[in-house]
Structures are given as C-alpha cells and as structure tokens.
Amino acid sequence: MDFGPFLLLALMEGLVTAAVLALTAVGLALVFGVMRVVNVAHGEFFMLGAVAAWFVTTWIPGPPALGFIAALVLCPLLVASVAALADTLVLKRLNYDPDATIVATIGLLYILQQAALSLYGPDARPVEAPFTLRVQFPWFGYSGYKLAVIAAAAVILAGVWLLLARTKIGLVMRATQIDRETARAFGINVDRVYAGVFALGAGLAAVAAVLIVPIQQAHYLMGHDPLLLSFIVVIIGGLGSLRGTLVAALLIGLSDGVISVFFSPTLAKILATLFVALVLVFRPQGLMGRRTA
Amino acid sequence: MSGTATKVWALHLGVLAALLAAQAVLPAYHAGNLARIMVLAVYAMGFNIAFGYTGLLSLGHALFFGAGLYGMGMLVALAGWGAGAALVAGIAAGGAMALAVGLLALRTAGVSFMIVTLMFAQAGYLTILYYTPYTRGEEGIVIDRAARVLLGFDLSQDTIRYCAAFALFAVALLAKLVLVRSSFGRVMVAMRENEERSRMLGYDPFRIKLAALVVSGLYAGAAGAAYGLLFGYVGASFASIQYSILPLLYVLLGGAGTVLGPFLGAALMFYLIDLAGGITTAHLLVVGVALLVLVLFAPKGILGALRDRGLKWLP
C-alpha cells in the first residue's frame, strides 16, 4: 500500500480511538469539573461496561444486533447505579476531600477489578458486532461498524452537550459546580446532583466500552489504558473545559493512531504521557482551559 | 537526654533488637517474609518522608524504586559490575530520578502534582517495556547467584539475606529518626502544615520539598536495589503503578508522619494478604477494602491514632 492510503487507514483507526476516548474522557472531566473529584476508578467503570456487555449479549438470544442494543441500554444503567452507590456510600462520607477521594477511588478500582476477575474470569472474550458491513474504499475495505462507532459517539456527545447547555439539569449542575454552598441555599439537593454527576460520568465510560467491545474484547484489566488516556485528554484539554476535552481527544486519538501504525503503540503512549506531564508543569490550565484549576 | 528522647530511642532500638532476635526464633518461611517486609518498609519509609512528613502525595514512587532496581540490575547483568558498586549506583539512581522529577513536578501542587508524578512513572514503566531487548520487559532479569555476593557474603543464603535486609532497615530507620527529629524535619512538617507561613518565616518551599523528595528517592532507590540483590529478580512489574500504590497503603495503615508506621503497615498488610490468600484468591479485594476502610474510618492509621490518644511523644 502507498503512503497516502496507509495514512488514511491510520487516521481512521485514530478517529475510532478518539471517538471512544472522547466519551470516556468527557465522563472523567464532568466528574472532576463539577465535583472536584479525581476518579481513579474511571477505567474500571469502563471495564465494567464491557464485561457487562459480554454477559448481556450472551444471555439474550436472537440476532446479535438485539443483544447489542440491549447491552447499549442496560450496561450504562448498571454501571451508573454502581457509581451512584459508591458516591453515596464512600465519597459523600469523605466530604469530597481531594486526597481522601483519590485513595478511596484507588480502593474502588481494586474492588471492581477483583469483582470482574472473580465473576468473569481472566480471559478476554469477544462480543459480536451488531452488523458486519464492509465499506469498500478504493484502496482497502474498512469495517462499517467502526464508522458507526464514530457516528454514535458524535451523537451521544451532542446529547451530553445539549443536556449541559440547554436543560434545567445542566443548569443545576453548572450552578453546583460554581458554588456548592449558594446552590444549596437556593434549594438544590447537592447530594443528589453529585450522585447524578458521578453516575453520568461512569455511564459515559460504560457507553464507550460497549461501543468498543466488538472491536477490542472484554478483559478484566482493560480499564488501565482508557484511564490513563482519559487523564491525558482531560489535562491537555484543560481541567474542567469540555470543549478542550473534545479537541484533546481528537488530537490524542489521531496521533495515537498515526504513531501506533507507523512506529509502535508503546512509543505513542510514552510520548503522550510525557507530553501531559510537561503540559501540567508548564501550562497547568491546559491548552484550552481559561481558569486555573 | 530528656525523658522524651530516652523513650523514643528506647522504643526504636527495642524494635530493632526484637527484629534481630526474631531471626533466631522464627521458622524459615516467616524469616524470609520478614526480610522482604523490611526491604519494602524501607521503600515505604521513603514514601512517608515525602507524603507523611512533607505533604507531597506522589503516585510516582515506583519510578524511584524501579530506578534503584534497574540501575542495580542492569549494571550487574549487562555491565558485569559487582554487587557493592551496583547497590551504590542503584541508590544514586533513585535519588537522581527523584531530583529530575522533583525539579519539574514541584512546579505544581496538590492534584496536579499527583497526576504529574503518576504520568512520569507511567512513562518510565512504558520505557522499560519499550527497551525490552535490554530490560527483558515483562519477563525480567534474573540476577545470577554468583553476582549476589556483597563484601564476601552470599546474599542468596537465608541467614545472610535476613541480616542484610536488617542492616539496611536499621540504617534507614535510624537515619529517618534523626532526620525527622532534626530542624530540617521540623521544616518539612511546617511545609506540610502551612506552606505560605513557612515561606514568610524565610524558608524556600521549593528547595525544602525538593530536598525531601530526593531523600525519599534515595530510600526508594536503596529499597529497589536491595530488593533486586536479595531476591535475585528485576522485573517491569515492580515499576508499575501498583508499586506506587503499595507504599501509600502501608503508610496509611501504619500511620502517615510516623517513623515506625511504614514498617508496621507493611508487615500487617503483607500478612493480611498472605492470610487472605489461604481463604480466598481475591487479594485485590483485600487491598481495595483495606484502602476504603482506612480512608473512611482510620485516616490517621494505627500509630497516628495512638499518637492522638496519649502517646504524644511518638515521632
């Protein structure tokens, strides 16, 4: 294959990564933005979504599309309720203290990982894609499902943006983000908002996982990379800036695709992690963030 | 010597004497465990100097531990250095890595500091995997028995290994005791409690924190190098994020900002996982639940709680 088509392939792989990454990272950014909680267990919510998708698609008979759609609806709900529970039982009792919540979410990470290992086992298992369509480009055929993932992510992200910018729920969330005490004084149930935001963040990670699982297989350690990459994206985009998060997801996803295809996936990750560390050191507000975090 | 100083030295020398005597009493299995615990406790003590005393929550200490481990291991395995010189190089590597990370990471604070250190450590871990032809990546390097001879002592023998681990632990413990009771130790605590106020008193927070981090890195490097020499194995998993979280766990359990806390925490956690291993294979669950319970119900750890309840002199 010539360089041009090869680059196109790399960019398309990168776009798929970027789409899934954007969903996961927006979840992390929401939780950090509104609650000021660094959720180290975010990757495990992603993993939980993928593993749950395997269970759902295995249990539901009929064509793969039916099971997949059920998983797309059920898994995020399940993961969101686990997150809401964790918020009520643990984070709320820590009064959302930054250091303490980091330690607590590390604990949560291990508990969820062990739960997946015990209930699901150490194997990586595939989930069948809802449809098998091959889109034929002039130079190569490409999975139609991967293109659908990009479209689905775009639709969901637009939905999240509408929720935040155009609805009462979004207004309440933004009010809580800006001033928790004043919001409480105006009769907003801050506890419920926090539980809801934590659940929404986890749910977005789970949606991303269900979308990726036909491409990647479900495994109990799969939460590691999404967590680190989401961290990277959220920081580069500027803590708390959703638009920045999207741009950064595209940047990291595409460069990951290109460097992975032309050099090595490990090198891509080394460069990304170093880049992030240096962004945080020299430009703590991120590339797009306006306020200091 | 004042009454407090007598009590402090009596306690710590007593603990050391008990550990030395334990070698004669304990069965081989537990003596082996204790040697491992003492080395891990040196690592946790280093972590505690940064986190417990100076207030720097780093999630990148595995990088310093790994620098000691690989600094020693690669010089022995690839360059054919002797154990003694490689051990010194490993300690220096830990300190140098902490200096390099500190110069950059200490420009940030709080959550950013935590993430920056985490990212540097992850980049270090990935670098080890990237250079698999030299580092042997996941598979790791086995250090030859012949190379594990320090000053004529064969470190692969149980008794000698125990004594070597004990010697390292004793030096580290006493050095830490002297450090935290010195005026520099007080300044570290001042940095943890109120950085602005200590700046007003004329201290330079950046230099103090950098110095504390380098000392912390020297401890981690020493523990890493010693771990490789004593147990004959150097592997990438020791540089992974999990090895940044373990010392945090030990320190939280034993008590952050206490001299003996890291050892107590390491020993309890080691045996908690070991005992749980007999009942269930779910050792991740034990670690996770321990972290949650600690942060929810005992944020000060065992010795921290004791210090609050009367033992005020505990350093």
# chains A, B, ... in the order shown; residues from 1 in each chain; ligands from 1
>>> interface_residues(of="chain B", to="chain A", cutoff="6 Å", atoms="only C-alpha atoms", output="number ranges by chain")
B: 116, 119, 123, 284-285, 288, 291-292
>>> residues_around(residues="B:Val42", least_positions_apart="5", cutoff="10 Å", atoms="only C-alpha atoms", output="JSON, numbers by chain")
{"B": [37, 47, 48, 165, 168, 169, 170, 171, 172, 173, 176, 216, 219, 220, 221, 222, 223, 224, 226, 247, 262, 263, 266]}
>>> write_last_selection(atoms="all heavy atoms", output="compact mmCIF listing (two decimals), in the first residue's frame")
# COMPACT_ATOMS: atom_id res chain seq x y z
N ILE B 37 9.62 -7.91 54.03
CA ILE B 37 8.87 -6.80 54.63
C ILE B 37 9.81 -5.65 55.01
O ILE B 37 9.49 -4.48 54.79
CB ILE B 37 8.09 -7.29 55.88
CG1 ILE B 37 6.94 -8.18 55.44
CG2 ILE B 37 7.58 -6.13 56.70
CD1 ILE B 37 6.30 -8.95 56.58
N PHE B 47 8.69 6.82 51.11
CA PHE B 47 7.42 7.41 50.68
C PHE B 47 6.86 8.31 51.78
O PHE B 47 6.35 9.40 51.52
CB PHE B 47 6.43 6.29 50.36
CG PHE B 47 5.13 6.79 49.82
CD1 PHE B 47 4.98 7.10 48.48
CD2 PHE B 47 4.04 6.97 50.66
CE1 PHE B 47 3.79 7.59 47.99
CE2 PHE B 47 2.84 7.44 50.18
CZ PHE B 47 2.71 7.76 48.84
N ASN B 48 7.01 7.84 53.03
CA ASN B 48 6.46 8.58 54.16
C ASN B 48 7.18 9.91 54.37
O ASN B 48 6.58 10.89 54.80
CB ASN B 48 6.57 7.72 55.42
CG ASN B 48 5.68 8.22 56.53
OD1 ASN B 48 4.71 8.94 56.28
ND2 ASN B 48 5.99 7.86 57.75
N ALA B 165 19.06 -7.51 54.97
CA ALA B 165 17.82 -6.73 54.98
C ALA B 165 17.71 -5.97 56.29
O ALA B 165 17.32 -4.79 56.31
CB ALA B 165 16.62 -7.65 54.79
N LEU B 168 20.10 -2.91 56.35
CA LEU B 168 19.54 -1.82 55.56
C LEU B 168 18.41 -1.14 56.31
O LEU B 168 18.34 0.10 56.40
CB LEU B 168 19.03 -2.36 54.22
CG LEU B 168 18.33 -1.33 53.33
CD1 LEU B 168 19.34 -0.38 52.71
CD2 LEU B 168 17.53 -2.01 52.23
N PHE B 169 17.52 -1.98 56.86
CA PHE B 169 16.36 -1.44 57.58
C PHE B 169 16.81 -0.61 58.77
O PHE B 169 16.29 0.49 59.00
CB PHE B 169 15.46 -2.60 58.02
CG PHE B 169 14.27 -2.17 58.82
CD1 PHE B 169 13.19 -1.57 58.21
CD2 PHE B 169 14.25 -2.36 60.19
CE1 PHE B 169 12.09 -1.16 58.95
CE2 PHE B 169 13.15 -1.96 60.95
CZ PHE B 169 12.08 -1.35 60.31
N ALA B 170 17.79 -1.13 59.52
CA ALA B 170 18.23 -0.43 60.72
C ALA B 170 18.83 0.92 60.37
O ALA B 170 18.51 1.94 61.00
CB ALA B 170 19.24 -1.30 61.47
N VAL B 171 19.69 0.93 59.36
CA VAL B 171 20.30 2.20 58.95
C VAL B 171 19.22 3.19 58.52
O VAL B 171 19.20 4.36 58.92
CB VAL B 171 21.31 1.96 57.81
CG1 VAL B 171 21.76 3.29 57.21
CG2 VAL B 171 22.50 1.17 58.32
N ALA B 172 18.26 2.69 57.69
CA ALA B 172 17.20 3.56 57.17
C ALA B 172 16.34 4.10 58.32
O ALA B 172 15.99 5.29 58.34
CB ALA B 172 16.35 2.81 56.17
N LEU B 173 16.01 3.22 59.27
CA LEU B 173 15.13 3.63 60.37
C LEU B 173 15.80 4.69 61.23
O LEU B 173 15.20 5.72 61.56
CB LEU B 173 14.75 2.41 61.22
CG LEU B 173 13.74 2.70 62.32
CD1 LEU B 173 12.34 2.77 61.75
CD2 LEU B 173 13.81 1.67 63.43
N LYS B 176 16.15 7.97 59.47
CA LYS B 176 14.88 8.67 59.39
C LYS B 176 14.52 9.30 60.73
O LYS B 176 14.03 10.43 60.79
CB LYS B 176 13.79 7.70 58.95
CG LYS B 176 12.46 8.38 58.72
CD LYS B 176 11.41 7.38 58.29
CE LYS B 176 10.05 8.02 58.28
NZ LYS B 176 8.99 7.00 58.31
N SER B 216 13.66 10.99 49.85
CA SER B 216 12.66 9.96 49.63
C SER B 216 13.07 9.04 48.48
O SER B 216 12.95 7.82 48.55
CB SER B 216 11.34 10.66 49.32
OG SER B 216 10.32 9.76 49.13
N TYR B 219 15.85 6.63 49.48
CA TYR B 219 15.28 5.48 50.21
C TYR B 219 14.68 4.49 49.22
O TYR B 219 14.92 3.29 49.31
CB TYR B 219 14.19 5.96 51.17
CG TYR B 219 14.67 6.27 52.55
CD1 TYR B 219 15.37 7.45 52.81
CD2 TYR B 219 14.42 5.41 53.62
CE1 TYR B 219 15.81 7.74 54.09
CE2 TYR B 219 14.85 5.70 54.90
CZ TYR B 219 15.55 6.87 55.13
OH TYR B 219 15.98 7.15 56.39
N ALA B 220 13.87 5.02 48.28
CA ALA B 220 13.20 4.13 47.33
C ALA B 220 14.23 3.40 46.47
O ALA B 220 14.12 2.20 46.21
CB ALA B 220 12.23 4.92 46.45
N GLY B 221 15.27 4.14 46.04
CA GLY B 221 16.32 3.53 45.23
C GLY B 221 17.06 2.46 46.01
O GLY B 221 17.36 1.37 45.48
N ALA B 222 17.35 2.73 47.28
CA ALA B 222 18.04 1.74 48.11
C ALA B 222 17.18 0.49 48.25
O ALA B 222 17.67 -0.64 48.13
CB ALA B 222 18.33 2.32 49.50
N ALA B 223 15.87 0.70 48.49
CA ALA B 223 14.98 -0.46 48.64
C ALA B 223 14.92 -1.25 47.33
O ALA B 223 14.99 -2.49 47.35
CB ALA B 223 13.58 0.02 49.04
N GLY B 224 14.84 -0.54 46.20
CA GLY B 224 14.76 -1.23 44.91
C GLY B 224 16.02 -2.03 44.64
O GLY B 224 15.96 -3.21 44.27
N ALA B 226 18.27 -3.08 46.75
CA ALA B 226 18.41 -4.18 47.71
C ALA B 226 17.44 -5.31 47.37
O ALA B 226 17.79 -6.49 47.46
CB ALA B 226 18.14 -3.67 49.13
N PRO B 247 3.21 1.48 48.75
CA PRO B 247 3.73 2.22 49.89
C PRO B 247 2.70 3.18 50.48
O PRO B 247 2.67 3.39 51.70
CB PRO B 247 4.93 2.98 49.32
CG PRO B 247 4.74 2.97 47.86
CD PRO B 247 4.00 1.72 47.53
N PRO B 262 5.38 2.99 58.65
CA PRO B 262 5.54 2.25 57.39
C PRO B 262 5.89 0.78 57.61
O PRO B 262 5.38 -0.10 56.90
CB PRO B 262 6.69 2.99 56.69
CG PRO B 262 6.64 4.36 57.23
CD PRO B 262 6.19 4.22 58.66
N PHE B 263 6.76 0.51 58.60
CA PHE B 263 7.12 -0.89 58.86
C PHE B 263 5.91 -1.66 59.36
O PHE B 263 5.59 -2.76 58.90
CB PHE B 263 8.26 -0.96 59.88
CG PHE B 263 8.53 -2.36 60.34
CD1 PHE B 263 9.08 -3.30 59.47
CD2 PHE B 263 8.22 -2.75 61.64
CE1 PHE B 263 9.31 -4.61 59.88
CE2 PHE B 263 8.45 -4.06 62.06
CZ PHE B 263 8.99 -4.98 61.18
N ALA B 266 3.50 -2.14 56.49
CA ALA B 266 3.97 -3.14 55.52
C ALA B 266 3.80 -4.54 56.09
O ALA B 266 3.33 -5.46 55.39
CB ALA B 266 5.44 -2.88 55.18
>>> residues_around(residues="A:Leu21", least_positions_apart="5", cutoff="9 Å", atoms="only C-alpha atoms", output="PyMOL selection string")
chain A and resi 16+26+205+208+226+229-230+233+246+249-250+252-253
>>> write_last_selection(atoms="C-alpha atoms", output="PDB file, in the first residue's frame")
ATOM      1  CA  VAL A  16     -12.212   5.424  16.285  1.00  0.00           C
ATOM      2  CA  VAL A  26     -15.906  13.661  28.997  1.00  0.00           C
ATOM      3  CA  ALA A 205     -17.440   5.409  30.227  1.00  0.00           C
ATOM      4  CA  ALA A 208     -17.809   3.935  25.314  1.00  0.00           C
ATOM      5  CA  PRO A 226      -8.655   4.217  28.972  1.00  0.00           C
ATOM      6  CA  LEU A 229      -5.562   8.206  28.144  1.00  0.00           C
ATOM      7  CA  SER A 230      -8.599   9.967  29.641  1.00  0.00           C
ATOM      8  CA  VAL A 233      -7.010  14.093  27.379  1.00  0.00           C
ATOM      9  CA  LEU A 246     -13.081  17.044  22.832  1.00  0.00           C
ATOM     10  CA  ALA A 249      -9.424  13.577  22.443  1.00  0.00           C
ATOM     11  CA  LEU A 250      -9.171  14.142  18.695  1.00  0.00           C
ATOM     12  CA  ILE A 252      -4.510  12.254  21.164  1.00  0.00           C
ATOM     13  CA  GLY A 253      -6.670   9.735  19.298  1.00  0.00           C
TER      14      GLY A 253
END
>>> atom_distance(atom1="atom CA of A:Arg166", atom2="atom CA of A:Ala248")
23.6 Å
>>> residues_around(residues="A:Ala25", least_positions_apart="2", cutoff="7 Å", atoms="only C-alpha atoms", output="ChimeraX atom specification")
/A:21-23,27-29,230,233-234,245
>>> atom_distance(atom1="atom CA of A:Gly121", atom2="atom CA of A:Ala206")
19.2 Å
>>> residues_around(residues="B:Gly185", least_positions_apart="2", cutoff="10 Å", atoms="only C-alpha atoms", output="PyMOL selection string")
chain B and resi 49+53-54+176-183+187-191+208+212
>>> write_last_selection(atoms="N, CA and C atoms", output="mmCIF file, in the first residue's frame")
data_model
loop_
_atom_site.group_PDB
_atom_site.id
_atom_site.type_symbol
_atom_site.label_atom_id
_atom_site.label_comp_id
_atom_site.auth_asym_id
_atom_site.auth_seq_id
_atom_site.Cartn_x
_atom_site.Cartn_y
_atom_site.Cartn_z
ATOM 1 N N ILE B 49 8.490 9.954 54.044
ATOM 2 C CA ILE B 49 9.217 11.226 54.183
ATOM 3 C C ILE B 49 8.585 12.273 53.266
ATOM 4 N N TYR B 53 5.440 13.350 56.040
ATOM 5 C CA TYR B 53 6.060 14.479 56.728
ATOM 6 C C TYR B 53 5.965 15.768 55.923
ATOM 7 N N THR B 54 6.189 15.671 54.598
ATOM 8 C CA THR B 54 6.258 16.904 53.816
ATOM 9 C C THR B 54 4.945 17.222 53.104
ATOM 10 N N LYS B 176 16.150 7.969 59.468
ATOM 11 C CA LYS B 176 14.879 8.674 59.390
ATOM 12 C C LYS B 176 14.520 9.297 60.727
ATOM 13 N N LEU B 177 14.811 8.544 61.805
ATOM 14 C CA LEU B 177 14.528 9.066 63.146
ATOM 15 C C LEU B 177 15.307 10.350 63.380
ATOM 16 N N VAL B 178 16.607 10.322 63.036
ATOM 17 C CA VAL B 178 17.431 11.509 63.216
ATOM 18 C C VAL B 178 16.916 12.642 62.329
ATOM 19 N N LEU B 179 16.567 12.280 61.082
ATOM 20 C CA LEU B 179 16.099 13.296 60.128
ATOM 21 C C LEU B 179 14.850 14.014 60.638
ATOM 22 N N VAL B 180 13.842 13.238 61.063
ATOM 23 C CA VAL B 180 12.577 13.901 61.408
ATOM 24 C C VAL B 180 12.663 14.632 62.733
ATOM 25 N N ARG B 181 13.668 14.259 63.573
ATOM 26 C CA ARG B 181 13.825 14.996 64.829
ATOM 27 C C ARG B 181 14.748 16.196 64.671
ATOM 28 N N SER B 182 15.381 16.306 63.508
ATOM 29 C CA SER B 182 16.281 17.434 63.282
ATOM 30 C C SER B 182 15.467 18.675 62.920
ATOM 31 N N SER B 183 16.163 19.811 62.832
ATOM 32 C CA SER B 183 15.427 21.035 62.496
ATOM 33 C C SER B 183 14.893 20.951 61.060
ATOM 34 N N VAL B 187 11.051 21.579 59.588
ATOM 35 C CA VAL B 187 10.700 22.439 58.452
ATOM 36 C C VAL B 187 9.840 21.661 57.451
ATOM 37 N N MET B 188 10.166 20.354 57.286
ATOM 38 C CA MET B 188 9.342 19.528 56.395
ATOM 39 C C MET B 188 7.888 19.528 56.862
ATOM 40 N N VAL B 189 7.703 19.342 58.170
ATOM 41 C CA VAL B 189 6.341 19.333 58.712
ATOM 42 C C VAL B 189 5.683 20.700 58.536
ATOM 43 N N ALA B 190 6.477 21.758 58.703
ATOM 44 C CA ALA B 190 5.937 23.113 58.504
ATOM 45 C C ALA B 190 5.425 23.265 57.076
ATOM 46 N N MET B 191 6.163 22.668 56.144
ATOM 47 C CA MET B 191 5.779 22.720 54.737
ATOM 48 C C MET B 191 4.441 22.018 54.520
ATOM 49 N N ILE B 208 13.096 23.046 49.992
ATOM 50 C CA ILE B 208 12.829 22.096 51.072
ATOM 51 C C ILE B 208 12.128 20.865 50.510
ATOM 52 N N ALA B 212 13.428 17.018 50.363
ATOM 53 C CA ALA B 212 12.677 15.912 50.959
ATOM 54 C C ALA B 212 12.413 14.832 49.916
#
>>> closest_residue(among="B:Lys209, B:Leu311, B:Tyr162, B:Leu56", to="B:His30", atoms="only C-alpha atoms")
B:Tyr162
>>> select_by_dssp(residues="stretch 126-234 of chain A", states="strand (DSSP E or B)", output="VMD selection string")
chain A and resid 134 to 136 141 to 143 218
>>> atom_distance(atom1="atom CA of B:Val76", atom2="atom CA of B:Ala147")
7.0 Å
